[in-house]
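Data file: final.cif. Format and content: mmCIF, C-alpha atoms and all ligand atoms.
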data_model
#
loop_
_atom_site.label_atom_id
_atom_site.label_comp_id
_atom_site.auth_asym_id
_atom_site.auth_seq_id
_atom_site.Cartn_x
_atom_site.Cartn_y
_atom_site.Cartn_z
CA MET A 78 183.03 -88.60 -18.80
CA SER A 79 180.58 -90.57 -16.71
CA ARG A 80 177.56 -88.73 -15.32
CA ILE A 81 177.55 -88.10 -11.59
CA ALA A 82 174.43 -88.29 -9.43
CA TYR A 83 173.95 -87.20 -5.84
CA VAL A 84 172.13 -89.91 -3.85
CA ASN A 85 171.52 -89.57 -0.12
CA GLY A 86 174.77 -87.88 0.79
CA ARG A 87 177.08 -89.30 -1.86
CA TYR A 88 178.18 -88.32 -5.36
CA LEU A 89 178.25 -91.49 -7.47
CA PRO A 90 178.70 -92.46 -11.11
CA ALA A 91 175.09 -92.43 -12.43
CA ARG A 92 175.32 -96.04 -13.65
CA SER A 93 176.07 -97.33 -10.15
CA ALA A 94 173.76 -94.91 -8.29
CA THR A 95 170.79 -96.80 -6.86
CA VAL A 96 167.86 -96.40 -4.48
CA HIS A 97 166.33 -99.01 -2.19
CA ILE A 98 163.52 -101.21 -3.59
CA GLU A 99 161.31 -100.10 -0.70
CA ASP A 100 161.82 -96.42 -1.36
CA ARG A 101 158.35 -94.86 -1.16
CA GLY A 102 159.02 -92.96 -4.34
CA TYR A 103 159.46 -96.26 -6.15
CA GLN A 104 156.50 -97.98 -4.50
CA PHE A 105 153.94 -95.19 -4.06
CA SER A 106 155.15 -92.17 -6.09
CA ASP A 107 155.35 -90.66 -2.61
CA GLY A 108 157.59 -87.73 -3.35
CA VAL A 109 158.13 -84.41 -5.07
CA TYR A 110 160.55 -82.98 -7.60
CA GLU A 111 161.90 -79.84 -9.21
CA VAL A 112 163.53 -79.13 -12.55
CA CYS A 113 165.71 -76.02 -12.89
CA GLU A 114 167.28 -74.66 -16.03
CA VAL A 115 171.08 -74.30 -16.12
CA ARG A 116 172.31 -71.51 -18.34
CA GLY A 117 175.94 -70.56 -18.82
CA GLY A 118 176.69 -72.88 -15.90
CA ALA A 119 174.39 -70.90 -13.55
CA ILE A 120 171.13 -72.12 -12.00
CA VAL A 121 168.09 -70.16 -13.14
CA ASP A 122 165.57 -68.97 -10.54
CA GLN A 123 166.86 -71.36 -7.89
CA GLN A 124 165.26 -69.50 -4.99
CA ARG A 125 161.80 -69.68 -6.52
CA HIS A 126 162.27 -73.39 -7.26
CA MET A 127 163.38 -73.97 -3.67
CA ALA A 128 160.36 -72.09 -2.33
CA ARG A 129 158.02 -74.22 -4.46
CA LEU A 130 159.85 -77.38 -3.37
CA GLU A 131 159.35 -76.48 0.29
CA ARG A 132 155.68 -75.81 -0.36
CA SER A 133 155.20 -79.17 -2.17
CA LEU A 134 156.92 -80.98 0.71
CA ALA A 135 154.83 -79.17 3.32
CA GLU A 136 151.59 -80.02 1.49
CA LEU A 137 152.55 -83.73 1.60
CA ARG A 138 154.00 -83.51 5.13
CA ILE A 139 157.45 -84.67 4.02
CA ARG A 140 160.19 -82.91 5.89
CA MET A 141 162.97 -80.98 4.18
CA PRO A 142 165.89 -83.46 4.25
CA MET A 143 168.49 -80.71 4.70
CA SER A 144 168.59 -76.93 4.78
CA ALA A 145 167.81 -75.02 1.60
CA GLY A 146 171.38 -73.73 1.75
CA ALA A 147 172.86 -77.24 1.86
CA LEU A 148 170.60 -78.34 -0.99
CA ALA A 149 171.75 -75.36 -3.04
CA VAL A 150 175.37 -76.48 -2.51
CA VAL A 151 174.52 -80.02 -3.69
CA MET A 152 172.79 -78.66 -6.80
CA ARG A 153 175.75 -76.44 -7.63
CA GLU A 154 178.12 -79.37 -7.11
CA CYS A 155 176.07 -81.57 -9.47
CA VAL A 156 176.27 -78.89 -12.17
CA ARG A 157 180.01 -78.58 -11.63
CA ARG A 158 180.79 -82.29 -11.53
CA ASN A 159 178.75 -82.92 -14.70
CA ARG A 160 180.24 -79.84 -16.40
CA VAL A 161 176.81 -78.61 -17.43
CA ARG A 162 176.74 -75.24 -19.22
CA GLU A 163 173.28 -75.39 -20.85
CA GLY A 164 170.97 -77.99 -19.40
CA ILE A 165 168.80 -78.93 -16.44
CA ILE A 166 169.03 -80.07 -12.83
CA TYR A 167 166.56 -82.67 -11.61
CA LEU A 168 165.95 -82.88 -7.87
CA GLN A 169 163.72 -85.48 -6.23
CA ILE A 170 162.79 -85.98 -2.60
CA THR A 171 160.69 -88.93 -1.42
CA ARG A 172 159.28 -89.92 1.96
CA GLY A 173 162.16 -92.37 2.32
CA VAL A 174 162.62 -96.11 2.77
CA ALA A 175 160.29 -98.21 4.92
CA ARG A 176 158.51 -101.57 4.86
CA ARG A 177 155.59 -101.27 2.48
CA ASP A 178 152.54 -99.76 4.19
CA HIS A 179 150.36 -97.08 2.63
CA ALA A 180 150.25 -94.94 5.76
CA PHE A 181 153.25 -92.76 6.60
CA PRO A 182 156.39 -94.57 7.82
CA PRO A 183 157.64 -94.16 11.41
CA ALA A 184 158.57 -90.61 12.39
CA GLY A 185 162.27 -90.15 11.90
CA THR A 186 162.36 -92.04 8.57
CA ALA A 187 164.85 -90.04 6.51
CA PRO A 188 163.56 -88.63 3.22
CA SER A 189 165.53 -89.79 0.15
CA VAL A 190 167.27 -87.19 -1.99
CA VAL A 191 168.47 -87.60 -5.56
CA VAL A 192 169.97 -84.81 -7.67
CA THR A 193 171.11 -85.17 -11.28
CA ALA A 194 172.25 -82.60 -13.83
CA ARG A 195 172.53 -82.98 -17.56
CA THR A 196 173.30 -81.05 -20.69
CA LEU A 197 170.47 -80.20 -23.10
CA ASP A 198 170.84 -79.67 -26.82
CA PHE A 199 170.78 -75.87 -26.71
CA ALA A 200 171.10 -75.35 -30.48
CA GLY A 201 168.49 -78.05 -31.12
CA ASN A 202 166.04 -76.33 -28.75
CA GLU A 203 166.60 -73.03 -30.53
CA ARG A 204 165.87 -74.71 -33.87
CA THR A 205 162.68 -76.21 -32.42
CA ALA A 206 161.64 -72.78 -31.13
CA ALA A 207 162.26 -71.25 -34.55
CA GLU A 208 159.89 -73.81 -36.08
CA GLY A 209 157.36 -74.08 -33.27
CA ILE A 210 155.74 -77.26 -31.96
CA ALA A 211 152.42 -79.06 -32.39
CA VAL A 212 150.16 -79.88 -29.45
CA VAL A 213 147.15 -82.16 -29.11
CA THR A 214 144.38 -81.92 -26.53
CA VAL A 215 143.52 -84.76 -24.13
CA PRO A 216 140.98 -85.00 -21.28
CA ASP A 217 142.40 -83.87 -17.94
CA ASN A 218 142.08 -87.00 -15.81
CA ARG A 219 144.52 -85.99 -13.04
CA TRP A 220 143.87 -85.64 -9.32
CA GLU A 221 142.89 -82.27 -7.86
CA ARG A 222 146.26 -81.46 -6.26
CA VAL A 223 148.23 -80.74 -9.43
CA ASP A 224 149.49 -77.60 -7.65
CA ILE A 225 151.88 -79.97 -5.82
CA LYS A 226 154.89 -80.88 -7.95
CA SER A 227 154.57 -84.57 -7.15
CA ILE A 228 156.40 -87.39 -8.91
CA SER A 229 153.02 -89.11 -9.52
CA LEU A 230 152.95 -88.34 -13.22
CA LEU A 231 151.12 -91.27 -14.83
CA PRO A 232 148.42 -89.15 -16.57
CA ASN A 233 151.17 -86.80 -17.77
CA VAL A 234 153.19 -89.73 -19.10
CA LEU A 235 150.18 -91.11 -21.01
CA ALA A 236 149.29 -87.65 -22.34
CA LYS A 237 152.83 -87.00 -23.58
CA GLN A 238 152.91 -90.40 -25.26
CA ALA A 239 149.55 -89.70 -26.94
CA ALA A 240 151.05 -86.46 -28.27
CA ARG A 241 154.13 -88.25 -29.55
CA GLU A 242 152.05 -90.90 -31.32
CA GLN A 243 150.21 -88.09 -33.12
CA GLY A 244 153.41 -86.36 -34.19
CA ALA A 245 153.09 -83.61 -31.55
CA LYS A 246 155.53 -82.48 -28.87
CA GLU A 247 153.08 -81.63 -26.09
CA ALA A 248 149.57 -82.52 -24.89
CA TRP A 249 147.21 -79.93 -23.41
CA PHE A 250 144.87 -81.19 -20.73
CA VAL A 251 141.25 -80.06 -21.09
CA ASP A 252 138.97 -80.06 -18.03
CA ARG A 253 135.31 -81.09 -17.87
CA ASP A 254 134.16 -77.57 -18.75
CA GLY A 255 136.20 -77.63 -21.96
CA HIS A 256 138.90 -75.33 -20.62
CA VAL A 257 142.57 -75.97 -21.19
CA THR A 258 144.34 -76.46 -17.86
CA GLU A 259 148.02 -76.90 -18.79
CA GLY A 260 150.43 -79.07 -20.74
CA SER A 261 151.66 -82.48 -19.60
CA SER A 262 154.93 -80.81 -18.54
CA SER A 263 154.35 -77.11 -19.23
CA ASN A 264 151.95 -74.21 -18.73
CA ALA A 265 149.69 -73.20 -21.64
CA TRP A 266 149.21 -69.71 -23.10
CA ILE A 267 147.47 -68.02 -26.03
CA VAL A 268 147.58 -64.55 -27.57
CA THR A 269 144.16 -63.31 -28.69
CA LYS A 270 143.48 -61.60 -32.02
CA ASP A 271 143.57 -58.24 -30.21
CA GLY A 272 146.98 -58.98 -28.70
CA LYS A 273 146.06 -59.98 -25.12
CA VAL A 274 148.20 -62.65 -23.51
CA VAL A 275 145.97 -65.22 -21.79
CA THR A 276 146.86 -67.94 -19.29
CA ARG A 277 144.88 -69.82 -16.68
CA PRO A 278 145.02 -68.49 -13.11
CA ALA A 279 147.31 -70.57 -10.91
CA ASP A 280 144.82 -70.93 -8.05
CA ARG A 281 143.58 -74.36 -9.11
CA GLY A 282 143.91 -76.90 -11.91
CA ILE A 283 147.55 -76.18 -12.76
CA LEU A 284 151.06 -76.14 -11.39
CA ARG A 285 152.26 -72.62 -10.67
CA GLY A 286 155.19 -72.74 -13.11
CA ILE A 287 158.27 -70.76 -12.15
CA THR A 288 158.73 -69.86 -15.81
CA ARG A 289 155.10 -68.68 -15.80
CA THR A 290 155.71 -66.49 -12.74
CA VAL A 291 158.79 -64.85 -14.24
CA LEU A 292 157.03 -64.43 -17.59
CA LEU A 293 154.32 -62.35 -15.91
CA ASP A 294 157.09 -59.80 -15.18
CA VAL A 295 158.38 -59.98 -18.76
CA ILE A 296 154.86 -59.40 -20.10
CA LYS A 297 154.46 -56.34 -17.90
CA ALA A 298 157.88 -54.98 -18.89
CA GLN A 299 156.93 -55.40 -22.56
CA GLY A 300 153.76 -53.37 -22.02
CA LEU A 301 151.59 -56.31 -23.08
CA GLU A 302 148.11 -56.79 -21.72
CA LEU A 303 147.63 -59.92 -19.58
CA GLU A 304 144.40 -61.77 -18.86
CA GLU A 305 144.61 -64.52 -16.26
CA ARG A 306 141.54 -66.55 -17.15
CA ALA A 307 140.63 -69.98 -18.46
CA PHE A 308 140.37 -70.47 -22.23
CA THR A 309 138.82 -73.28 -24.28
CA ALA A 310 140.47 -75.41 -26.94
CA GLU A 311 138.11 -73.71 -29.45
CA GLU A 312 139.42 -70.30 -28.45
CA ALA A 313 143.00 -71.58 -28.78
CA TYR A 314 142.28 -72.86 -32.31
CA GLY A 315 141.32 -69.33 -33.34
CA ALA A 316 144.07 -67.53 -31.38
CA ARG A 317 146.70 -65.38 -33.03
CA GLU A 318 149.48 -67.22 -31.20
CA ALA A 319 149.97 -69.96 -28.66
CA PHE A 320 152.94 -71.10 -26.62
CA VAL A 321 154.01 -73.20 -23.64
CA THR A 322 156.40 -72.44 -20.79
CA SER A 323 158.61 -74.65 -18.63
CA ALA A 324 162.10 -74.62 -17.13
CA SER A 325 163.48 -76.80 -19.91
CA GLN A 326 161.74 -75.06 -22.83
CA ILE A 327 161.44 -71.47 -21.54
CA VAL A 328 158.91 -70.05 -24.03
CA MET A 329 158.14 -72.51 -26.82
CA PRO A 330 155.86 -71.33 -29.66
CA VAL A 331 152.93 -73.62 -30.55
CA VAL A 332 152.05 -73.58 -34.26
CA ARG A 333 149.45 -76.38 -34.47
CA ILE A 334 146.74 -77.51 -32.06
CA ASP A 335 144.87 -80.73 -32.90
CA ASP A 336 146.12 -80.41 -36.47
CA ARG A 337 144.79 -76.89 -36.96
CA PRO A 338 147.34 -74.15 -37.68
CA VAL A 339 147.54 -71.41 -35.04
CA GLY A 340 147.60 -67.94 -36.61
CA ASN A 341 149.59 -68.21 -39.83
CA GLY A 342 151.14 -71.50 -38.71
CA ALA A 343 154.50 -69.98 -37.74
CA PRO A 344 155.90 -68.80 -34.37
CA GLY A 345 154.36 -65.45 -33.47
CA LEU A 346 156.00 -62.17 -32.54
CA VAL A 347 154.80 -62.17 -28.92
CA ALA A 348 156.10 -65.67 -28.15
CA THR A 349 159.38 -65.01 -29.93
CA THR A 350 159.90 -61.71 -28.10
CA LEU A 351 159.04 -63.21 -24.70
CA ARG A 352 161.48 -66.05 -25.32
CA ALA A 353 164.25 -63.60 -26.23
CA GLU A 354 163.56 -61.38 -23.20
CA PHE A 355 163.06 -64.07 -20.57
CA HIS A 356 166.58 -64.30 -19.18
CA ARG A 357 166.79 -60.56 -18.59
CA HIS A 358 164.19 -61.11 -15.87
CA ALA A 359 165.18 -64.51 -14.47
CA GLU A 360 167.63 -64.72 -11.56
CA LEU A 361 170.93 -66.55 -11.93
CA SER A 362 172.80 -68.13 -9.05
N1 LIG B 401 157.69 -79.58 -15.87
N2 LIG B 401 152.98 -77.78 -15.51
C1 LIG B 401 153.44 -79.03 -15.40
C2 LIG B 401 152.46 -80.16 -15.28
C3 LIG B 401 154.83 -79.27 -15.36
O1 LIG B 401 155.29 -80.52 -15.22
C4 LIG B 401 155.72 -78.17 -15.49
C5 LIG B 401 157.22 -78.35 -15.46
C6 LIG B 401 155.18 -76.88 -15.63
C7 LIG B 401 156.06 -75.66 -15.75
O2 LIG B 401 156.72 -75.37 -14.54
P1 LIG B 401 158.13 -74.62 -14.52
O3 LIG B 401 157.96 -73.39 -15.34
O4 LIG B 401 158.37 -74.34 -13.10
O5 LIG B 401 159.13 -75.58 -15.14
C8 LIG B 401 153.81 -76.73 -15.62
C9 LIG B 401 159.09 -79.91 -15.69
C10 LIG B 401 160.01 -79.04 -16.48
C11 LIG B 401 159.28 -81.39 -15.96
O6 LIG B 401 158.42 -82.14 -15.52
O7 LIG B 401 160.27 -81.78 -16.58
#

As structure tokens, please, write out the structure in this file.
Ligand code: PDD
Amino acid sequence: MSRIAYVNGRYLPARSATVHIEDRGYQFSDGVYEVCEVRGGAIVDQQRHMARLERSLAELRIRMPMSAGALAVVMRECVRRNRVREGIIYLQITRGVARRDHAFPPAGTAPSVVVTARTLDFAGNERTAAEGIAVVTVPDNRWERVDIKSISLLPNVLAKQAAREQGAKEAWFVDRDGHVTEGSSSNAWIVTKDGKVVTRPADRGILRGITRTVLLDVIKAQGLELEERAFTAEEAYGAREAFVTSASQIVMPVVRIDDRPVGNGAPGLVATTLRAEFHRHAELS
């Protein structure tokens, strides 16, 4: 079965789906994106993802290309046409096609929309979660507006590659003060020796992850104590547990940071429990 992509109003076989060479996403990374989990054929937390998408667009002054309702229909159709049961949807909106000029194109330039959906290796992800992943730390050299889910991801690409070359699955960015901000494509968490769950506040320096937001509810429901504050790499080395969150990984235990074992070097009880409980709190549509 060939994969189907939605591109500017049409559903096309992915191999023949194309965008214009003067698309501003291609030339300037002038666009935003969202990734939603698909579980049992349903879209997880779609409304929250749509709300964040609209915020990212508004911050960059790109207009919504269609109503949120119409976009929801397109997303559902991409899941259906690609027969995705367990996987992800990728949605990208750019400022559209115009002759190359850094300043905004003429008013009325239509934003470009691409939606794809694909199956993930569900069993493989579960095996990875049972083992836990390694992370490495890298300096956070990104711009200040990482709260916008922009497609400008060059520092994230380089960080993830650095992790891969060191045998790790994720890189944690560390700011100038020595505090961990977030992962290259995930939010970062630790559990302290006295059982407090710690993650950086989402006011600046990180993307407000949808998984993170839902997990705050799960943490409360589990009666766990939460501390929203910055933590250093040193503190993470000595933590009882660590984990990352994202739409594609949900809660993924971290068992090594910069080649030091976290806790006893195996996935911890808090991370494992939060992973198991997550979908009781997420919304399906
Ligand atoms: N990444 N921080 C960064 C830098 C991210 O790229 C992501 C998501 C997150 C977690 O956000 P959420 O829980 O809403 O997925 C945090 C997506 C999955 C990606 O780039 O593929």

Option closest in space to Arg285 in chain A, from A:Ala248, A:Ile225, A:Val257, A:Ile327 [counting all atoms listed in the file]: A:Ile225

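Counting only C-alpha atoms and all ligand atoms and comparing A:Arg241, A:Arg125, A:Arg357, A:Arg317, the residue that lies closest to ligand LIG 401 (chain B) is A:Arg125.
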
Near-ligand residues for ligand LIG 401 (chain B), threshold 10 Å, only C-alpha atoms and all ligand atoms, as a VMD selection string: chain A and resid 110 to 114 122 125 to 126 129 165 to 167 223 to 228 230 232 to 234 249 to 250 258 to 265 282 to 292 321 to 328

Same residues, C-alpha atoms, output as a tab-separated table (two decimals), keeping the file's coordinate frame:
chain	number	residue	atom	x	y	z
A	110	TYR	CA	160.55	-82.98	-7.60
A	111	GLU	CA	161.90	-79.84	-9.21
A	112	VAL	CA	163.53	-79.13	-12.55
A	113	CYS	CA	165.71	-76.02	-12.89
A	114	GLU	CA	167.28	-74.66	-16.03
A	122	ASP	CA	165.57	-68.97	-10.54
A	125	ARG	CA	161.80	-69.68	-6.52
A	126	HIS	CA	162.27	-73.39	-7.26
A	129	ARG	CA	158.02	-74.22	-4.46
A	165	ILE	CA	168.80	-78.93	-16.44
A	166	ILE	CA	169.03	-80.07	-12.83
A	167	TYR	CA	166.56	-82.67	-11.61
A	223	VAL	CA	148.23	-80.74	-9.43
A	224	ASP	CA	149.49	-77.60	-7.65
A	225	ILE	CA	151.88	-79.97	-5.82
A	226	LYS	CA	154.89	-80.88	-7.95
A	227	SER	CA	154.57	-84.57	-7.15
A	228	ILE	CA	156.40	-87.39	-8.91
A	230	LEU	CA	152.95	-88.34	-13.22
A	232	PRO	CA	148.42	-89.15	-16.57
A	233	ASN	CA	151.17	-86.80	-17.77
A	234	VAL	CA	153.19	-89.73	-19.10
A	249	TRP	CA	147.21	-79.93	-23.41
A	250	PHE	CA	144.87	-81.19	-20.73
A	258	THR	CA	144.34	-76.46	-17.86
A	259	GLU	CA	148.02	-76.90	-18.79
A	260	GLY	CA	150.43	-79.07	-20.74
A	261	SER	CA	151.66	-82.48	-19.60
A	262	SER	CA	154.93	-80.81	-18.54
A	263	SER	CA	154.35	-77.11	-19.23
A	264	ASN	CA	151.95	-74.21	-18.73
A	265	ALA	CA	149.69	-73.20	-21.64
A	282	GLY	CA	143.91	-76.90	-11.91
A	283	ILE	CA	147.55	-76.18	-12.76
A	284	LEU	CA	151.06	-76.14	-11.39
A	285	ARG	CA	152.26	-72.62	-10.67
A	286	GLY	CA	155.19	-72.74	-13.11
A	287	ILE	CA	158.27	-70.76	-12.15
A	288	THR	CA	158.73	-69.86	-15.81
A	289	ARG	CA	155.10	-68.68	-15.80
A	290	THR	CA	155.71	-66.49	-12.74
A	291	VAL	CA	158.79	-64.85	-14.24
A	292	LEU	CA	157.03	-64.43	-17.59
A	321	VAL	CA	154.01	-73.20	-23.64
A	322	THR	CA	156.40	-72.44	-20.79
A	323	SER	CA	158.61	-74.65	-18.63
A	324	ALA	CA	162.10	-74.62	-17.13
A	325	SER	CA	163.48	-76.80	-19.91
A	326	GLN	CA	161.74	-75.06	-22.83
A	327	ILE	CA	161.44	-71.47	-21.54
A	328	VAL	CA	158.91	-70.05	-24.03

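Within the 8 Å cut-off around Thr309 in chain A, using only C-alpha atoms and omitting residues fewer than 2 positions from it on the same chain, the listed residues are Val251, Gly255, His256, Val257, Ala307, Glu311, Glu312 and Ala313 of chain A.
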
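Nearest residue to Thr205 in chain A, choosing from A:Leu346, A:Val331, A:Val161, A:Val121 and counting all atoms listed in the file: A:Val331.
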
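Residues in contact with Ile334 in chain A at up to 6 Å, not including ones fewer than 4 positions away on its chain and judged by all atoms listed in the file, are Ala211, Val212 and Val213 of chain A.
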
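The closest residue to Ala319 in chain A, picked from A:Trp220, A:Tyr88, A:Trp266, A:Tyr103 and counting only C-alpha atoms, is A:Trp266.
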
Within 12 Å of Gly272 in chain A using all atoms listed in the file, minus same-chain residues under 2 positions, as a PyMOL selection string: chain A and resi 267-270+274-275+296+300-304+316-319+340+345-348

Taking all atoms of range 130-137 of chain A that the file lists, what box with edges along x, y and z, padded by 8 Å per side, do you get, with centre and edge lengths in Å to one decimal, as lines of an AutoDock Vina configuration file?
center_x = 155.7
center_y = -79.8
center_z = 0.0
size_x = 24.3
size_y = 23.9
size_z = 22.7

Contact residues around Pro90 in chain A with only C-alpha atoms at 12 Å, ignoring same-chain residues under 5 positions, as a VMD selection string: chain A and resid 78 to 84 95 155 158 to 159 193

Straight-line distance linking CA of Leu361 in chain A with CA of Ala298 in chain A, stated in Å to one decimal: 18.8 Å

From A:Val96, A:Met329, A:Leu134, A:Met152, residue lying nearest Ala343 in chain A [all atoms listed in the file]: A:Met329

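Nearest-residue note for Val215 in chain A: choosing from A:Leu197, A:Ala184, A:Ala239, A:Ala91, the minimum distance belongs to A:Ala239, counting only C-alpha atoms.
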
All residues 8 Å or closer to Ala187 in chain A, all atoms listed in the file, same chain fewer than 3 positions away omitted, as a list of chain:residue names: A:Pro142, A:Arg172, A:Gly173, A:Val174

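Interatomic distance, CA of Ala119 in chain A against CA of Ser133 in chain A: 23.8 Å.
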
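One finds CA of Arg92 in chain A at 28.4 Å from CA of Lys246 in chain A.
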
Test item: which residues lie within 12 Å of (165.8, -95.5, -1.4) counting only C-alpha atoms, as a VMD selection string: chain A and resid 84 to 86 94 to 104 107 to 108 169 to 176 186 to 191
